[in-house]
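One file, target-v5.cif, carrying mmCIF, C-alpha atoms:
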```
data_target
loop_
_atom_site.label_atom_id
_atom_site.label_comp_id
_atom_site.auth_asym_id
_atom_site.auth_seq_id
_atom_site.Cartn_x
_atom_site.Cartn_y
_atom_site.Cartn_z
CA MET M 957 -2.93 -7.02 -21.74
CA THR M 958 -3.60 -9.65 -24.42
CA ASP M 959 -1.95 -12.73 -25.90
CA ASP M 960 -3.55 -11.67 -29.16
CA ALA M 961 -6.55 -9.60 -30.20
CA GLN M 962 -8.92 -12.57 -30.06
CA HIS M 963 -7.81 -14.03 -26.72
CA PRO M 964 -7.63 -11.44 -23.94
CA VAL M 965 -5.82 -12.55 -20.82
CA ARG M 966 -7.75 -12.15 -17.59
CA ARG M 967 -5.58 -10.27 -15.13
CA THR M 968 -5.27 -11.36 -11.52
CA ILE M 969 -5.37 -8.38 -9.17
CA VAL M 970 -4.63 -8.84 -5.46
CA VAL M 971 -5.92 -6.06 -3.19
CA THR M 972 -4.95 -5.86 0.49
CA GLY M 973 -6.94 -3.93 3.06
CA ALA M 974 -9.99 -4.88 1.03
CA SER M 975 -12.46 -5.66 3.83
CA ASP M 976 -13.54 -2.03 4.24
CA GLY M 977 -13.18 1.51 2.94
CA ILE M 978 -11.39 2.24 -0.31
CA GLY M 979 -10.05 -1.31 -0.55
CA ALA M 980 -13.57 -2.74 -0.56
CA ALA M 981 -14.69 -0.06 -3.01
CA ALA M 982 -11.73 -0.88 -5.28
CA VAL M 983 -12.41 -4.62 -5.45
CA ARG M 984 -16.09 -3.99 -6.15
CA ALA M 985 -15.23 -1.63 -9.00
CA LEU M 986 -12.60 -3.95 -10.46
CA ALA M 987 -14.93 -6.96 -10.27
CA ALA M 988 -17.68 -4.95 -11.96
CA GLU M 989 -15.46 -4.47 -15.01
CA GLY M 990 -15.78 -8.21 -15.62
CA ARG M 991 -12.29 -8.67 -17.06
CA HIS M 992 -10.21 -9.30 -13.95
CA ASP M 993 -9.80 -12.07 -11.41
CA VAL M 994 -9.92 -10.10 -8.18
CA VAL M 995 -8.39 -11.44 -4.96
CA VAL M 996 -9.59 -9.98 -1.64
CA VAL M 997 -7.17 -9.76 1.29
CA GLY M 998 -8.22 -8.44 4.69
CA ARG M 999 -7.71 -8.78 8.42
CA ASP M 1000 -11.27 -9.06 9.73
CA PRO M 1001 -12.73 -12.50 8.87
CA ASP M 1002 -16.40 -11.53 8.68
CA ARG M 1003 -15.96 -8.35 6.65
CA THR M 1004 -13.37 -9.87 4.34
CA HIS M 1005 -15.59 -12.83 3.49
CA GLN M 1006 -18.64 -10.59 3.07
CA VAL M 1007 -16.84 -8.42 0.52
CA ALA M 1008 -15.37 -11.42 -1.30
CA ASP M 1009 -18.62 -13.38 -1.37
CA ALA M 1010 -20.52 -10.39 -2.75
CA ILE M 1011 -18.27 -10.23 -5.83
CA GLY M 1012 -17.56 -13.95 -6.15
CA ALA M 1013 -13.86 -13.59 -5.34
CA PRO M 1014 -11.49 -15.65 -3.18
CA ALA M 1015 -10.75 -14.29 0.30
CA TYR M 1016 -7.47 -14.45 2.23
CA LEU M 1017 -6.91 -13.39 5.82
CA ALA M 1018 -3.74 -11.85 7.24
CA ASP M 1019 -2.95 -9.55 10.14
CA PHE M 1020 -0.06 -7.31 9.08
CA THR M 1021 1.04 -6.82 12.68
CA HIS M 1022 2.44 -10.36 12.36
CA LEU M 1023 5.03 -10.79 9.62
CA ASP M 1024 4.65 -14.58 9.77
CA GLN M 1025 1.06 -14.10 8.63
CA VAL M 1026 2.32 -12.04 5.70
CA ARG M 1027 4.71 -14.85 4.76
CA ASP M 1028 1.91 -17.40 5.04
CA LEU M 1029 -0.34 -15.16 2.91
CA ALA M 1030 2.32 -15.00 0.20
CA ASP M 1031 2.73 -18.78 0.26
CA ARG M 1032 -1.01 -19.25 -0.19
CA LEU M 1033 -1.25 -16.68 -2.98
CA ASN M 1034 1.71 -18.14 -4.86
CA ALA M 1035 0.27 -21.64 -4.54
CA ALA M 1036 -3.22 -20.70 -5.68
CA HIS M 1037 -2.46 -18.16 -8.41
CA PRO M 1038 0.12 -19.10 -11.06
CA ARG M 1039 -0.27 -15.61 -12.50
CA ILE M 1040 -0.41 -12.36 -10.49
CA ASP M 1041 -0.56 -9.21 -12.61
CA VAL M 1042 -1.16 -6.50 -10.03
CA LEU M 1043 -0.60 -6.19 -6.30
CA VAL M 1044 -2.47 -3.30 -4.69
CA ASN M 1045 -0.85 -2.60 -1.31
CA ASN M 1046 -3.73 -0.81 0.37
CA ALA M 1047 -3.70 -2.13 3.97
CA GLY M 1048 -2.69 0.45 6.54
CA GLY M 1049 -3.80 2.77 9.28
CA LEU M 1050 -2.92 5.44 11.80
CA PHE M 1051 -2.40 4.12 15.31
CA PRO M 1052 -2.88 6.40 18.33
CA GLU M 1053 -0.37 4.79 20.69
CA HIS M 1054 3.20 3.57 20.40
CA VAL M 1055 2.64 -0.18 20.28
CA VAL M 1056 5.38 -2.70 19.51
CA THR M 1057 4.33 -5.70 17.44
CA ALA M 1058 5.27 -9.31 18.09
CA ASP M 1059 8.07 -8.72 15.58
CA GLY M 1060 9.55 -5.99 17.80
CA LEU M 1061 8.60 -3.11 15.48
CA GLU M 1062 6.44 -0.01 15.77
CA THR M 1063 2.94 -0.82 14.50
CA THR M 1064 2.39 2.02 12.01
CA PHE M 1065 5.73 1.37 10.32
CA GLN M 1066 5.14 -2.38 10.16
CA VAL M 1067 1.54 -2.33 8.95
CA ASP M 1068 1.83 0.59 6.51
CA HIS M 1069 5.28 -0.07 5.06
CA LEU M 1070 7.17 -3.17 6.12
CA ALA M 1071 4.40 -5.75 5.67
CA PRO M 1072 3.60 -4.49 2.12
CA PHE M 1073 7.33 -4.42 1.39
CA LEU M 1074 7.62 -8.07 2.47
CA LEU M 1075 4.51 -9.17 0.58
CA THR M 1076 5.75 -7.50 -2.59
CA ARG M 1077 9.12 -9.22 -2.31
CA LEU M 1078 7.49 -12.61 -1.80
CA LEU M 1079 5.20 -12.18 -4.81
CA LEU M 1080 7.90 -10.62 -6.98
CA ASP M 1081 8.55 -13.65 -9.18
CA ARG M 1082 4.86 -13.84 -10.10
CA LEU M 1083 4.69 -10.11 -10.77
CA LEU M 1084 7.84 -10.07 -12.90
CA ALA M 1085 6.68 -13.07 -14.93
CA ALA M 1086 3.43 -11.24 -15.72
CA GLY M 1087 5.11 -7.91 -16.51
CA GLY M 1088 2.94 -6.68 -13.67
CA ALA M 1089 2.51 -3.71 -11.41
CA VAL M 1090 2.59 -2.77 -7.73
CA VAL M 1091 0.22 0.02 -6.69
CA THR M 1092 0.60 1.31 -3.13
CA THR M 1093 -1.72 3.58 -1.17
CA SER M 1094 0.27 6.51 0.20
CA SER M 1095 -0.91 9.93 1.38
CA ALA M 1096 -0.25 13.65 1.21
CA ALA M 1097 0.70 13.18 4.88
CA HIS M 1098 4.16 12.26 3.55
CA HIS M 1099 4.81 16.00 3.32
CA ARG M 1100 4.77 16.07 7.14
CA SER M 1101 7.61 13.54 7.46
CA SER M 1102 11.03 14.68 8.64
CA LEU M 1103 12.71 11.38 7.79
CA THR M 1104 16.47 11.58 7.21
CA VAL M 1105 19.00 9.13 5.79
CA ASP M 1106 20.33 8.43 9.29
CA ARG M 1107 16.88 7.68 10.70
CA ALA M 1108 15.82 5.65 7.65
CA GLY M 1109 18.32 3.04 8.77
CA VAL M 1110 16.54 2.52 12.12
CA LEU M 1111 12.95 3.54 11.35
CA GLY M 1112 10.32 1.58 13.26
CA GLY M 1113 12.82 -0.50 15.21
CA PRO M 1114 14.13 -0.41 18.78
CA ALA M 1115 16.97 1.93 17.79
CA ASP M 1116 14.48 4.55 16.58
CA THR M 1117 14.28 6.63 19.76
CA LEU M 1118 12.39 9.64 18.38
CA ARG M 1119 9.34 10.36 20.54
CA TYR M 1120 6.22 8.77 19.07
CA VAL M 1121 3.70 11.20 17.56
CA PRO M 1122 0.87 9.39 15.72
CA PHE M 1123 0.52 11.66 12.71
CA ARG M 1124 4.29 11.99 12.30
CA ALA M 1125 4.64 8.18 12.39
CA TYR M 1126 1.93 7.98 9.75
CA GLY M 1127 3.69 10.61 7.63
CA ASP M 1128 6.96 8.69 7.89
CA ALA M 1129 5.22 5.49 6.75
CA LYS M 1130 3.49 7.24 3.85
CA LEU M 1131 6.82 8.73 2.75
CA ALA M 1132 8.24 5.22 2.98
CA ASN M 1133 5.49 4.07 0.57
CA ILE M 1134 6.64 6.60 -2.04
CA LEU M 1135 10.32 5.83 -1.51
CA PHE M 1136 9.47 2.14 -1.91
CA THR M 1137 7.61 2.91 -5.15
CA ARG M 1138 10.59 4.89 -6.50
CA GLU M 1139 13.13 2.22 -5.52
CA LEU M 1140 10.95 -0.59 -6.86
CA HIS M 1141 10.91 1.25 -10.19
CA ARG M 1142 14.69 1.79 -10.13
CA ARG M 1143 15.49 -1.84 -9.33
CA TYR M 1144 12.92 -3.72 -11.41
CA HIS M 1145 11.44 -1.54 -14.15
CA ARG M 1146 13.99 -2.81 -16.68
CA GLU M 1147 12.68 -6.32 -15.95
CA GLY M 1148 9.15 -5.22 -16.80
CA LEU M 1149 7.68 -4.32 -13.40
CA ALA M 1150 5.80 -1.05 -12.95
CA SER M 1151 5.04 0.78 -9.70
CA ALA M 1152 2.84 3.62 -8.52
CA ALA M 1153 1.92 5.35 -5.27
CA VAL M 1154 -1.52 6.89 -4.74
CA HIS M 1155 -2.95 9.58 -2.49
CA PRO M 1156 -6.67 8.74 -2.21
CA GLY M 1157 -7.55 12.00 -0.46
CA GLY M 1158 -9.40 12.32 2.81
CA VAL M 1159 -11.93 9.50 2.75
CA ALA M 1160 -14.89 8.88 5.08
CA THR M 1161 -13.92 5.44 6.38
CA SER M 1162 -12.99 3.88 9.74
CA PHE M 1163 -9.41 5.06 9.14
CA ALA M 1164 -7.94 6.78 12.23
CA GLY M 1165 -11.17 6.07 14.04
CA THR M 1166 -9.45 5.21 17.32
CA SER M 1167 -7.06 8.15 17.28
CA ARG M 1168 -7.71 10.57 20.16
CA ASP M 1169 -6.05 13.59 18.53
CA LEU M 1170 -7.67 16.29 16.38
CA PHE M 1171 -7.11 14.18 13.27
CA GLY M 1172 -9.12 11.25 14.70
CA TRP M 1173 -11.85 13.59 15.97
CA PHE M 1174 -12.26 15.05 12.48
CA TYR M 1175 -12.66 11.61 10.88
CA ARG M 1176 -15.35 10.71 13.43
CA SER M 1177 -17.17 14.04 13.37
CA SER M 1178 -20.27 15.01 11.40
CA LEU M 1179 -18.18 17.74 9.76
CA GLY M 1180 -15.66 15.17 8.60
CA LYS M 1181 -18.38 12.96 7.19
CA ARG M 1182 -19.70 15.92 5.15
CA VAL M 1183 -16.29 17.06 3.88
CA LEU M 1184 -14.48 13.77 3.29
CA ARG M 1185 -14.66 11.85 0.03
CA THR M 1186 -16.63 8.63 -0.34
CA PRO M 1187 -14.68 5.36 -0.47
CA GLU M 1188 -15.69 5.04 -4.13
CA ASP M 1189 -14.16 8.44 -4.93
CA GLY M 1190 -11.04 7.59 -2.95
CA ALA M 1191 -10.62 4.30 -4.81
CA ARG M 1192 -10.73 5.77 -8.32
CA ASP M 1193 -6.98 6.10 -8.84
CA LEU M 1194 -6.34 2.65 -7.38
CA VAL M 1195 -8.86 1.17 -9.80
CA ARG M 1196 -7.60 3.15 -12.79
CA LEU M 1197 -3.99 2.18 -12.23
CA ALA M 1198 -4.72 -1.46 -11.36
CA ALA M 1199 -6.94 -1.89 -14.41
CA GLY M 1200 -4.72 0.11 -16.78
CA ARG M 1201 -1.69 -0.85 -18.81
CA PRO M 1202 1.63 0.34 -17.35
CA GLY M 1203 3.70 2.16 -19.93
CA VAL M 1204 0.61 2.74 -22.07
CA ASP M 1205 -2.02 4.19 -19.74
CA TRP M 1206 0.37 5.39 -17.04
CA PRO M 1207 4.14 5.80 -16.46
CA SER M 1208 5.90 3.85 -13.75
CA GLY M 1209 7.47 5.20 -10.59
CA GLN M 1210 5.13 8.13 -9.97
CA TYR M 1211 2.89 9.45 -7.19
CA TRP M 1212 -0.74 10.07 -8.15
CA ALA M 1213 -3.60 12.15 -6.76
CA SER M 1214 -6.94 13.05 -8.33
CA GLY M 1215 -6.12 11.30 -11.58
CA ARG M 1216 -2.79 12.96 -12.27
CA ILE M 1217 0.86 12.82 -11.28
CA ALA M 1218 1.18 14.94 -8.14
CA ARG M 1219 3.94 16.90 -6.49
CA VAL M 1220 5.94 15.05 -3.85
CA GLY M 1221 7.90 16.37 -0.93
CA ARG M 1222 11.63 16.90 -1.35
CA ARG M 1223 12.49 13.79 0.65
CA ALA M 1224 10.39 11.58 -1.62
CA ASP M 1225 12.82 12.34 -4.46
CA ASP M 1226 15.96 11.47 -2.48
CA PRO M 1227 17.51 8.32 -4.05
CA GLU M 1228 19.89 7.82 -1.12
CA LEU M 1229 16.99 7.89 1.32
CA ALA M 1230 15.13 5.35 -0.82
CA ARG M 1231 18.17 3.08 -0.97
CA VAL M 1232 18.85 3.19 2.78
CA LEU M 1233 15.20 2.53 3.63
CA TRP M 1234 15.09 -0.42 1.21
CA GLU M 1235 18.21 -1.97 2.70
CA HIS M 1236 16.91 -1.41 6.25
CA SER M 1237 13.61 -3.05 5.28
CA GLU M 1238 15.44 -6.01 3.75
CA GLN M 1239 17.36 -6.56 6.97
CA LEU M 1240 14.18 -6.47 9.06
CA VAL M 1241 12.38 -9.11 6.98
CA ALA M 1242 15.39 -11.37 6.41
#
```
Let me see whether you can do it: turn the structure in this file into structure tokens.
Amino acid sequence: MTDDAQHPVRRTIVVTGASDGIGAAAVRALAAEGRHDVVVVGRDPDRTHQVADAIGAPAYLADFTHLDQVRDLADRLNAAHPRIDVLVNNAGGLFPEHVVTADGLETTFQVDHLAPFLLTRLLLDRLLAAGGAVVTTSSAAHHRSSLTVDRAGVLGGPADTLRYVPFRAYGDAKLANILFTRELHRRYHREGLASAAVHPGGVATSFAGTSRDLFGWFYRSSLGKRVLRTPEDGARDLVRLAAGRPGVDWPSGQYWASGRIARVGRRADDPELARVLWEHSEQLVA
């Protein structure tokens, strides 16, 4: 993006979940390009500041299990950065137990979907003014979701009485990420905003490290460490999309894996499901 050929505009790229794993790898790669102002957002104070200090970037702390901290984060970002070109919604995780947050919501749903939804809404004016983009980390686990229109209206809240299964909750949240990407495109692409969802692949990070099921065992095992991708490999699509030009280097509203547009599950292409989930999310953060 340039004002003219002689005066390139430095792009401000905010990356959440950037204290570890693919988020940390992404901010390091973006900073190394030397043409972006990278903003590091994380939950852990020590790790977040270590990553930020190493690349000379500002650091912001927020725990996405508290929506008030997300609101405060947005206030600080809006105050400090008059221009925000890209928001990379990368924070998330798989949680082994059904835990209700201080906001009265299931943790996986809140951290992986609702907090990024809220942050995006609160930064929307900045993103629209820049003709910017929202890139959200999703997963092939969305294929395991059985989310319906009826349940999308209660997902994650006290009225969602479906028995908690960690990987299913994660799949629901990752489907929500794609539905959010689709609906963001539908509502705001005409105003210049682009959106993308990314499957980073299985990555050798602390992700799912506390899960006591087979999935968590695999991530902790020596086999998993041999088979899983490195954080740098997992971050490649995030970096490519965040650094690229929407509409020129990549089309908006799509789901990406391994450098290309990937197949989504049937539910990810349901516009009614996307609409109901969006409206439910709006009510929860109102």
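Atom CA of Thr1064 of chain M is positioned 24.5 Å from atom CA of Asp1189 of chain M.
Using all atoms listed in the file, the protein and nucleic acid residues lying no more than 8 Å from Phe1136 of chain M, apart from those fewer than 6 places from it along its own chain, are M:Phe1073, M:Ala1230, M:Leu1233, M:Trp1234.
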- line: Residue with the minimum atom-to-atom distance to Leu1135 of chain M, picked from M:Arg1216, M:Arg1222, M:His1054, M:Arg1082 with all atoms listed in the file counted, is M:Arg1222
Starting from the PyMOL selection byres ((chain M and resi 1105) around 12), expand the selection into actual residues of this file and give them as a compact mmCIF listing (two decimals) with C-alpha atoms, in the frame of the given file.
```
# COMPACT_ATOMS: atom_id res chain seq x y z
CA SER M 1102 11.03 14.68 8.64
CA LEU M 1103 12.71 11.38 7.79
CA THR M 1104 16.47 11.58 7.21
CA ASP M 1106 20.33 8.43 9.29
CA ARG M 1107 16.88 7.68 10.70
CA ALA M 1108 15.82 5.65 7.65
CA GLY M 1109 18.32 3.04 8.77
CA VAL M 1110 16.54 2.52 12.12
CA LEU M 1111 12.95 3.54 11.35
CA ALA M 1132 8.24 5.22 2.98
CA LEU M 1135 10.32 5.83 -1.51
CA ARG M 1223 12.49 13.79 0.65
CA ALA M 1224 10.39 11.58 -1.62
CA ASP M 1226 15.96 11.47 -2.48
CA PRO M 1227 17.51 8.32 -4.05
CA GLU M 1228 19.89 7.82 -1.12
CA LEU M 1229 16.99 7.89 1.32
CA ALA M 1230 15.13 5.35 -0.82
CA ARG M 1231 18.17 3.08 -0.97
CA VAL M 1232 18.85 3.19 2.78
CA LEU M 1233 15.20 2.53 3.63
CA TRP M 1234 15.09 -0.42 1.21
CA GLU M 1235 18.21 -1.97 2.70
CA HIS M 1236 16.91 -1.41 6.25
```
Output check: residues returned by the PyMOL selection byres ((chain M and resi 1070) around 9), as a VMD selection string: chain M and resid 1020 1023 1065 to 1069 1071 to 1075 1129 1237 1240 to 1241
- line: note - atom CA of Arg1027 of chain M and atom CA of Ile969 of chain M are separated by 18.4 Å
field: Nearest to Gly1190 of chain M, chosen from M:Arg1219, M:His1155, M:Arg1032, M:His992, with all atoms listed in the file counted in the distances
entry: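 Under the stated criterion, the closest residue is M:His1155.
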Could you name the residues that touch Ala1008 of chain M at 9 Å or less, counting only C-alpha atoms, but leaving out those on the same chain fewer than 2 positions away, as a PDB file with C-alpha atoms, keeping the file's coordinate frame?
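New file part-v7.pdb:
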```
ATOM      1  CA  ALA M 974      -9.990  -4.880   1.030  1.00  0.00           C
ATOM      2  CA  SER M 975     -12.460  -5.660   3.830  1.00  0.00           C
ATOM      3  CA  ALA M 980     -13.570  -2.740  -0.560  1.00  0.00           C
ATOM      4  CA  VAL M 983     -12.410  -4.620  -5.450  1.00  0.00           C
ATOM      5  CA  ARG M 984     -16.090  -3.990  -6.150  1.00  0.00           C
ATOM      6  CA  VAL M 994      -9.920 -10.100  -8.180  1.00  0.00           C
ATOM      7  CA  VAL M 995      -8.390 -11.440  -4.960  1.00  0.00           C
ATOM      8  CA  VAL M 996      -9.590  -9.980  -1.640  1.00  0.00           C
ATOM      9  CA  VAL M 997      -7.170  -9.760   1.290  1.00  0.00           C
ATOM     10  CA  ARG M1003     -15.960  -8.350   6.650  1.00  0.00           C
ATOM     11  CA  THR M1004     -13.370  -9.870   4.340  1.00  0.00           C
ATOM     12  CA  HIS M1005     -15.590 -12.830   3.490  1.00  0.00           C
ATOM     13  CA  GLN M1006     -18.640 -10.590   3.070  1.00  0.00           C
ATOM     14  CA  ALA M1010     -20.520 -10.390  -2.750  1.00  0.00           C
ATOM     15  CA  ILE M1011     -18.270 -10.230  -5.830  1.00  0.00           C
ATOM     16  CA  GLY M1012     -17.560 -13.950  -6.150  1.00  0.00           C
ATOM     17  CA  ALA M1013     -13.860 -13.590  -5.340  1.00  0.00           C
ATOM     18  CA  PRO M1014     -11.490 -15.650  -3.180  1.00  0.00           C
ATOM     19  CA  ALA M1015     -10.750 -14.290   0.300  1.00  0.00           C
TER      20      ALA M1015
END
```
message: As a check of understanding, name the residues that the PyMOL selection byres ((chain M and resi 1140) around 12) selects in the supplied structure, as a count of residues only.
response: 38
query: For the atom pair atom CA of Pro1038 of chain M and atom CA of Asp1081 of chain M, what is the interatomic distance in Å to one decimal place?
result: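 The value is 10.2 Å.
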task: Kindly indicate which residue among M:Ile1040, M:Val1220, M:Val1154, M:Ala1030 lies nearest to Arg1192 of chain M, using only C-alpha atoms for the distances.
output: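 For Arg1192 of chain M, the nearest of the given residues is M:Val1154.
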task: Using only C-alpha atoms, find the one residue out of M:Val965, M:Leu1079, M:Leu1197, M:Val1007 that sits nearest to Asp1031 of chain M.
output: M:Leu1079
- request: Would you list the residues near (7.7, -5.7, 16.3) (no more than 9 Å away, in the coordinates of the file, using all atoms listed in the file) as number ranges by chain?
  value: M: 1021-1023, 1055-1063, 1066, 1112-1114
Deliver the residues from the most recent selection as a file, using C-alpha atoms, as a CSV table (one decimal), keeping the file's coordinate frame.
```csv
chain,number,residue,atom,x,y,z
M,1021,THR,CA,1.0,-6.8,12.7
M,1022,HIS,CA,2.4,-10.4,12.4
M,1023,LEU,CA,5.0,-10.8,9.6
M,1055,VAL,CA,2.6,-0.2,20.3
M,1056,VAL,CA,5.4,-2.7,19.5
M,1057,THR,CA,4.3,-5.7,17.4
M,1058,ALA,CA,5.3,-9.3,18.1
M,1059,ASP,CA,8.1,-8.7,15.6
M,1060,GLY,CA,9.6,-6.0,17.8
M,1061,LEU,CA,8.6,-3.1,15.5
M,1062,GLU,CA,6.4,0.0,15.8
M,1063,THR,CA,2.9,-0.8,14.5
M,1066,GLN,CA,5.1,-2.4,10.2
M,1112,GLY,CA,10.3,1.6,13.3
M,1113,GLY,CA,12.8,-0.5,15.2
M,1114,PRO,CA,14.1,-0.4,18.8
```
